[in-house]
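**Student:** Data file run.txt (compact mmCIF, N, CA and C atoms) is appended below.
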```txt
# COMPACT_ATOMS: atom_id res chain seq x y z
N MET A 1 0.84 -1.18 0.00
CA MET A 1 0.00 0.00 0.00
C MET A 1 0.88 1.24 0.00
N GLY A 2 0.47 2.26 -0.74
CA GLY A 2 1.26 3.46 -0.91
C GLY A 2 1.27 4.36 0.31
N LYS A 3 2.14 5.32 0.25
CA LYS A 3 2.31 6.31 1.30
C LYS A 3 1.13 7.28 1.28
N HIS A 4 0.64 7.68 2.46
CA HIS A 4 -0.46 8.65 2.54
C HIS A 4 0.12 10.05 2.32
N LEU A 5 -0.37 10.73 1.30
CA LEU A 5 0.08 12.09 1.03
C LEU A 5 -0.80 13.08 1.78
N ILE A 6 -0.18 14.12 2.29
CA ILE A 6 -0.89 15.15 3.02
C ILE A 6 -1.26 16.25 2.05
N HIS A 7 -2.53 16.59 2.01
CA HIS A 7 -3.03 17.63 1.10
C HIS A 7 -3.12 18.97 1.83
N SER A 8 -3.35 20.04 1.09
CA SER A 8 -3.33 21.39 1.66
C SER A 8 -4.32 21.57 2.80
N ASN A 9 -5.42 20.85 2.78
CA ASN A 9 -6.40 20.99 3.86
C ASN A 9 -6.02 20.16 5.08
N GLU A 10 -4.87 19.48 5.03
CA GLU A 10 -4.42 18.65 6.14
C GLU A 10 -3.07 19.08 6.71
N LEU A 11 -2.52 20.18 6.22
CA LEU A 11 -1.19 20.60 6.65
C LEU A 11 -1.10 20.79 8.16
N HIS A 12 -2.17 21.25 8.75
CA HIS A 12 -2.18 21.49 10.20
C HIS A 12 -2.02 20.20 11.01
N LEU A 13 -2.20 19.05 10.38
CA LEU A 13 -2.07 17.77 11.07
C LEU A 13 -0.63 17.32 11.26
N ILE A 14 0.30 17.95 10.55
CA ILE A 14 1.71 17.57 10.67
C ILE A 14 2.20 18.00 12.04
N GLN A 15 2.84 17.09 12.74
CA GLN A 15 3.32 17.36 14.08
C GLN A 15 4.45 18.41 14.08
N LYS A 16 4.40 19.30 15.06
CA LYS A 16 5.40 20.36 15.21
C LYS A 16 6.82 19.80 15.22
N GLU A 17 7.03 18.70 15.93
CA GLU A 17 8.36 18.10 16.02
C GLU A 17 8.87 17.65 14.65
N ARG A 18 7.97 17.12 13.84
CA ARG A 18 8.36 16.68 12.50
C ARG A 18 8.72 17.87 11.62
N ILE A 19 7.94 18.94 11.72
CA ILE A 19 8.24 20.16 10.96
C ILE A 19 9.64 20.65 11.32
N HIS A 20 9.92 20.75 12.62
CA HIS A 20 11.23 21.25 13.07
C HIS A 20 12.36 20.33 12.64
N ARG A 21 12.14 19.02 12.69
CA ARG A 21 13.17 18.07 12.27
C ARG A 21 13.52 18.27 10.79
N GLU A 22 12.49 18.45 9.97
CA GLU A 22 12.73 18.60 8.53
C GLU A 22 13.32 19.97 8.19
N VAL A 23 12.91 21.01 8.93
CA VAL A 23 13.51 22.33 8.72
C VAL A 23 14.99 22.29 9.10
N LYS A 24 15.32 21.57 10.17
CA LYS A 24 16.73 21.43 10.56
C LYS A 24 17.54 20.80 9.44
N LYS A 25 16.97 19.79 8.78
CA LYS A 25 17.66 19.17 7.64
C LYS A 25 17.91 20.20 6.55
N MET A 26 16.91 21.05 6.29
CA MET A 26 17.07 22.09 5.26
C MET A 26 18.15 23.09 5.67
N VAL A 27 18.12 23.54 6.92
CA VAL A 27 19.12 24.48 7.43
C VAL A 27 20.52 23.88 7.27
N ASP A 28 20.66 22.62 7.66
CA ASP A 28 21.96 21.95 7.55
C ASP A 28 22.40 21.83 6.09
N SER A 29 21.50 21.45 5.21
CA SER A 29 21.87 21.24 3.80
C SER A 29 22.21 22.55 3.09
N LEU A 30 21.69 23.66 3.59
CA LEU A 30 22.00 24.97 3.00
C LEU A 30 23.20 25.63 3.67
N ASP A 31 23.80 24.93 4.64
CA ASP A 31 24.96 25.44 5.39
C ASP A 31 24.65 26.78 6.07
N ILE A 32 23.42 26.91 6.56
CA ILE A 32 23.04 28.11 7.31
C ILE A 32 23.56 27.94 8.73
N ALA A 33 24.20 28.99 9.27
CA ALA A 33 24.79 28.91 10.60
C ALA A 33 23.74 28.57 11.66
N ALA A 34 22.56 29.16 11.54
CA ALA A 34 21.49 28.89 12.50
C ALA A 34 20.15 29.15 11.84
N GLY A 35 19.18 28.31 12.16
CA GLY A 35 17.84 28.51 11.62
C GLY A 35 17.02 29.43 12.49
N SER A 36 17.61 29.82 13.61
CA SER A 36 16.90 30.66 14.57
C SER A 36 17.90 31.59 15.26
N THR A 37 17.69 32.89 15.13
CA THR A 37 18.48 33.89 15.83
C THR A 37 17.52 34.95 16.35
N SER A 38 18.03 36.04 16.86
CA SER A 38 17.16 37.06 17.45
C SER A 38 16.20 37.68 16.42
N ASN A 39 16.58 37.74 15.16
CA ASN A 39 15.71 38.37 14.16
C ASN A 39 15.37 37.45 12.99
N PHE A 40 15.60 36.15 13.15
CA PHE A 40 15.34 35.21 12.07
C PHE A 40 15.00 33.86 12.68
N ASN A 41 13.83 33.32 12.32
CA ASN A 41 13.44 32.01 12.85
C ASN A 41 12.67 31.25 11.78
N ILE A 42 13.42 30.53 10.95
CA ILE A 42 12.80 29.77 9.87
C ILE A 42 11.92 28.65 10.41
N TYR A 43 12.24 28.14 11.60
CA TYR A 43 11.41 27.11 12.22
C TYR A 43 10.00 27.64 12.49
N GLN A 44 9.93 28.84 13.06
CA GLN A 44 8.64 29.43 13.39
C GLN A 44 7.85 29.79 12.13
N VAL A 45 8.54 30.30 11.11
CA VAL A 45 7.87 30.65 9.86
C VAL A 45 7.22 29.42 9.23
N VAL A 46 7.99 28.35 9.12
CA VAL A 46 7.46 27.14 8.49
C VAL A 46 6.35 26.52 9.34
N GLU A 47 6.57 26.50 10.65
CA GLU A 47 5.53 25.96 11.54
C GLU A 47 4.23 26.74 11.40
N MET A 48 4.31 28.07 11.43
CA MET A 48 3.10 28.89 11.29
C MET A 48 2.44 28.67 9.94
N TYR A 49 3.24 28.55 8.89
CA TYR A 49 2.68 28.34 7.56
C TYR A 49 1.87 27.05 7.51
N PHE A 50 2.37 26.02 8.14
CA PHE A 50 1.68 24.73 8.12
C PHE A 50 0.51 24.69 9.09
N LYS A 51 0.65 25.28 10.27
CA LYS A 51 -0.31 25.08 11.34
C LYS A 51 -1.43 26.10 11.40
N ASP A 52 -1.23 27.30 10.87
CA ASP A 52 -2.20 28.39 11.04
C ASP A 52 -2.65 28.90 9.67
N ILE A 53 -3.88 28.57 9.30
CA ILE A 53 -4.38 28.90 7.96
C ILE A 53 -4.41 30.42 7.71
N GLU A 54 -4.71 31.19 8.74
CA GLU A 54 -4.74 32.65 8.57
C GLU A 54 -3.33 33.20 8.33
N LYS A 55 -2.35 32.70 9.06
CA LYS A 55 -0.95 33.11 8.83
C LYS A 55 -0.51 32.69 7.43
N ARG A 56 -0.94 31.51 6.99
CA ARG A 56 -0.59 31.04 5.64
C ARG A 56 -1.14 32.00 4.59
N ARG A 57 -2.38 32.43 4.79
CA ARG A 57 -2.97 33.39 3.85
C ARG A 57 -2.21 34.71 3.86
N GLN A 58 -1.80 35.16 5.04
CA GLN A 58 -1.04 36.41 5.14
C GLN A 58 0.31 36.30 4.44
N ILE A 59 0.99 35.19 4.66
CA ILE A 59 2.28 34.96 4.00
C ILE A 59 2.09 34.89 2.49
N ASN A 60 1.08 34.16 2.04
CA ASN A 60 0.80 34.07 0.61
C ASN A 60 0.51 35.44 0.02
N HIS A 61 -0.23 36.25 0.75
CA HIS A 61 -0.55 37.60 0.28
C HIS A 61 0.74 38.42 0.13
N LEU A 62 1.63 38.36 1.12
CA LEU A 62 2.90 39.07 1.05
C LEU A 62 3.75 38.62 -0.13
N LEU A 63 3.65 37.36 -0.46
CA LEU A 63 4.42 36.79 -1.58
C LEU A 63 3.68 36.87 -2.91
N ASP A 64 2.49 37.46 -2.87
CA ASP A 64 1.64 37.59 -4.05
C ASP A 64 1.28 36.23 -4.66
N ILE A 65 1.03 35.27 -3.79
CA ILE A 65 0.57 33.94 -4.20
C ILE A 65 -0.95 33.97 -4.16
N GLN A 66 -1.57 33.75 -5.30
CA GLN A 66 -3.02 33.81 -5.41
C GLN A 66 -3.65 32.57 -4.81
N GLU A 67 -4.79 32.75 -4.15
CA GLU A 67 -5.52 31.61 -3.59
C GLU A 67 -6.16 30.83 -4.73
N ASP A 68 -6.09 29.54 -4.61
CA ASP A 68 -6.71 28.65 -5.58
C ASP A 68 -8.12 28.33 -5.10
N ASN A 69 -9.13 28.73 -5.86
CA ASN A 69 -10.52 28.51 -5.45
C ASN A 69 -10.83 27.04 -5.27
N TYR A 70 -10.18 26.18 -6.03
CA TYR A 70 -10.40 24.74 -5.88
C TYR A 70 -9.94 24.29 -4.49
N GLN A 71 -8.77 24.78 -4.07
CA GLN A 71 -8.26 24.40 -2.75
C GLN A 71 -9.16 24.95 -1.64
N LEU A 72 -9.67 26.15 -1.80
CA LEU A 72 -10.57 26.71 -0.80
C LEU A 72 -11.83 25.86 -0.70
N ALA A 73 -12.35 25.45 -1.82
CA ALA A 73 -13.55 24.60 -1.82
C ALA A 73 -13.25 23.29 -1.11
N GLU A 74 -12.07 22.74 -1.37
CA GLU A 74 -11.67 21.48 -0.75
C GLU A 74 -11.53 21.66 0.77
N GLU A 75 -10.93 22.77 1.20
CA GLU A 75 -10.70 23.01 2.62
C GLU A 75 -12.01 23.20 3.39
N PHE A 76 -12.96 23.89 2.76
CA PHE A 76 -14.18 24.23 3.47
C PHE A 76 -15.39 23.41 3.05
N GLY A 77 -15.18 22.43 2.18
CA GLY A 77 -16.26 21.55 1.77
C GLY A 77 -17.33 22.25 0.94
N VAL A 78 -16.91 23.28 0.19
CA VAL A 78 -17.84 24.05 -0.62
C VAL A 78 -17.64 23.66 -2.09
N GLU A 79 -18.69 23.56 -2.82
CA GLU A 79 -18.60 23.22 -4.24
C GLU A 79 -18.48 24.46 -5.09
```
Hey, can you dump this file as structure tokens for me?
**Tutor:**
Amino acid sequence: MGKHLIHSNELHLIQKERIHREVKKMVDSLDIAAGSTSNFNIYQVVEMYFKDIEKRRQINHLLDIQEDNYQLAEEFGVE
């Protein structure tokens, strides 16, 4: 049986510890001195993006990423 893929409406289900573990791998592979300092915390950014839908929308807005109406329908069960 195949691996269960997590869809956009399930991102909040990913455990915080797993998010941090995978971000640490990214930090290490990019040779970044630290993923968290007084004015930079990539762990918190990624965690908020996955766990908080309102923060995700705010980040997407800042990055000019348009909302996909299909995904919104999927998230809220609207046709």
**Student:** As an exercise, work out the distance from atom CA of Arg21 of chain A to atom CA of Gly2 of chain A in Å and give it to one decimal place.
**Tutor:** 23.0 Å
**Student:** For a test of reading the model, state the distance in Å between atom CA of His20 of chain A and atom C of Met48 of chain A, rounded to one decimal.
**Tutor:**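 So the two atoms, atom CA of His20 of chain A and atom C of Met48 of chain A, lie 11.9 Å apart.
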**Student:** Just give me the residues with any atom within 12 Å of (15.4, 20.7, 10.2), file coordinates, counting only C-alpha atoms, written as a PyMOL selection string.
**Tutor:** chain A and resi 16-32+34-36+41-44+46-47
**Student:** From chain A, collect each residue whose DSSP state is alpha helix (DSSP H) and return the set as a ChimeraX atom specification.
**Tutor:** /A:16-29,42-51,53-62,69-76
**Student:** Quick one: what's the axis-aligned box for segment 2-8 of chain A, all listed atoms, 3 Å on every side, centre and edges in Å to one decimal, as JSON?
**Tutor:**
```
{"center_x": -1.0, "center_y": 11.9, "center_z": 1.1, "size_x": 12.6, "size_y": 25.3, "size_z": 9.9}
```
**Student:** Could you please determine the separation between atom N of Ile14 of chain A and atom C of Phe50 of chain A in Å, to one decimal place?
**Tutor:**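 Those two atoms sit 6.9 Å apart.
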**Student:** I need the strand (DSSP E) residues of chain A per DSSP on the backbone, written as a list in words.
**Tutor:**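 For chain A, the strand (DSSP E) set is Ser36, Thr37, Phe40 and Asn41 of chain A.
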**Student:** For Tyr49 of chain A, please output as a count of residues only all residues within 10 Å (counting only C-alpha atoms; exclusion window: fewer than 5 positions along the same chain).
**Tutor:** 11
**Student:** Give the answer as one residue: which of A:Asp64, A:Asn39, A:Leu5, A:Leu13 has the shortest atom-to-atom distance to Lys51 of chain A, using all atoms listed in the file?
**Tutor:**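 The answer is A:Leu13, which sits nearest to Lys51 of chain A.
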